[in-house]
Amino acid sequence: MQICLGSSCFSRGNRDVVNYIRNYLKKNHLEDKIVFKGARCMNLCSNGPNLRINDRIIEGVTLAKIEAILEKEIGNIR
Ligand code: FES
């Protein structure tokens with residue numbers, strides 16, 4: 001999983017989402033199972049903030065939506 005930390009996505013919310021995801025992985029003991037990294041601009045700024053999970057881009061990520069996104073995408077790994 002990669003979170004876009006390019007300036008547009010970062011300033012529009014991923015600054016906080018990155019911390020949320022880190023805490024989520026820790027809380028759910030997924031740090032060993034999920035590789036989570038920051039990424040440079042994905043060239044999709046206008047649709048961002050963006051997250052990439054298994055080569056699929058999830059657009060319009062917000063702090064309000066991130067928990068549901070993680071539950072849907074990786075909740076079955078626990
Ligand atoms: S800054 Fe995220 S896609 Fe450009």
# chains A, B, ... in the order shown; residues from 1 in each chain; ligands from 1
>>> residues_around(residues="region 33-50 of chain A", least_positions_apart="5", cutoff="8 Å", atoms="only C-alpha atoms", output="list in words")
Met1, Gln2, Ile3, Cys4, Leu5, Gly6, Ser7, Ser8, Cys9, Phe10, Arg12, Gly13, Asn14, Leu25, Ile57, Ile58, Glu59, Gly60, Val61 and Thr62 of chain A
>>> select_by_dssp(residues="chain A", states="alpha helix (DSSP H)", output="list in words")
Ser7, Ser8, Cys9, Arg15, Asp16, Val17, Val18, Asn19, Tyr20, Ile21, Arg22, Asn23, Tyr24, Leu25, Lys26, Lys27, Leu63, Ala64, Lys65, Ile66, Glu67, Ala68, Ile69, Leu70, Glu71, Lys72, Glu73 and Ile74 of chain A
>>> select_by_dssp(residues="chain A", states="strand (DSSP E or B)", output="list in words")
Gln2, Ile3, Cys4, Lys37, Gly38, Ala39, Leu51, Arg52, Ile53, Arg56, Ile57 and Ile58 of chain A
>>> write_last_selection(atoms="C-alpha atoms", output="CSV table (one decimal), in the first residue's frame")
chain,number,residue,atom,x,y,z
A,2,GLN,CA,1.3,3.4,-1.0
A,3,ILE,CA,0.0,6.8,0.1
A,4,CYS,CA,0.7,9.7,-2.2
A,37,LYS,CA,5.1,3.4,2.0
A,38,GLY,CA,4.9,7.0,1.0
A,39,ALA,CA,4.9,7.7,-2.7
A,51,LEU,CA,-3.8,5.9,-2.1
A,52,ARG,CA,-2.6,2.8,-4.0
A,53,ILE,CA,-3.5,-0.7,-2.8
A,56,ARG,CA,-5.2,0.0,-7.8
A,57,ILE,CA,-5.6,3.8,-7.1
A,58,ILE,CA,-8.2,4.9,-4.7
>>> atom_distance(atom1="CA of Asp32 (chain A)", atom2="CA of Ile66 (chain A)")
20.1 Å
>>> residues_around(residues="His29 (chain A)", least_positions_apart="5", cutoff="12 Å", atoms="only C-alpha atoms", output="list in words")
Ile21, Arg22, Asn23, Tyr24, Ile34, Gly75, Ile77 and Arg78 of chain A
>>> closest_residue(among="A:Ile69, A:Asn54, A:Leu63, A:Ile74", to="Asp16 (chain A)", atoms="only C-alpha atoms")
A:Leu63
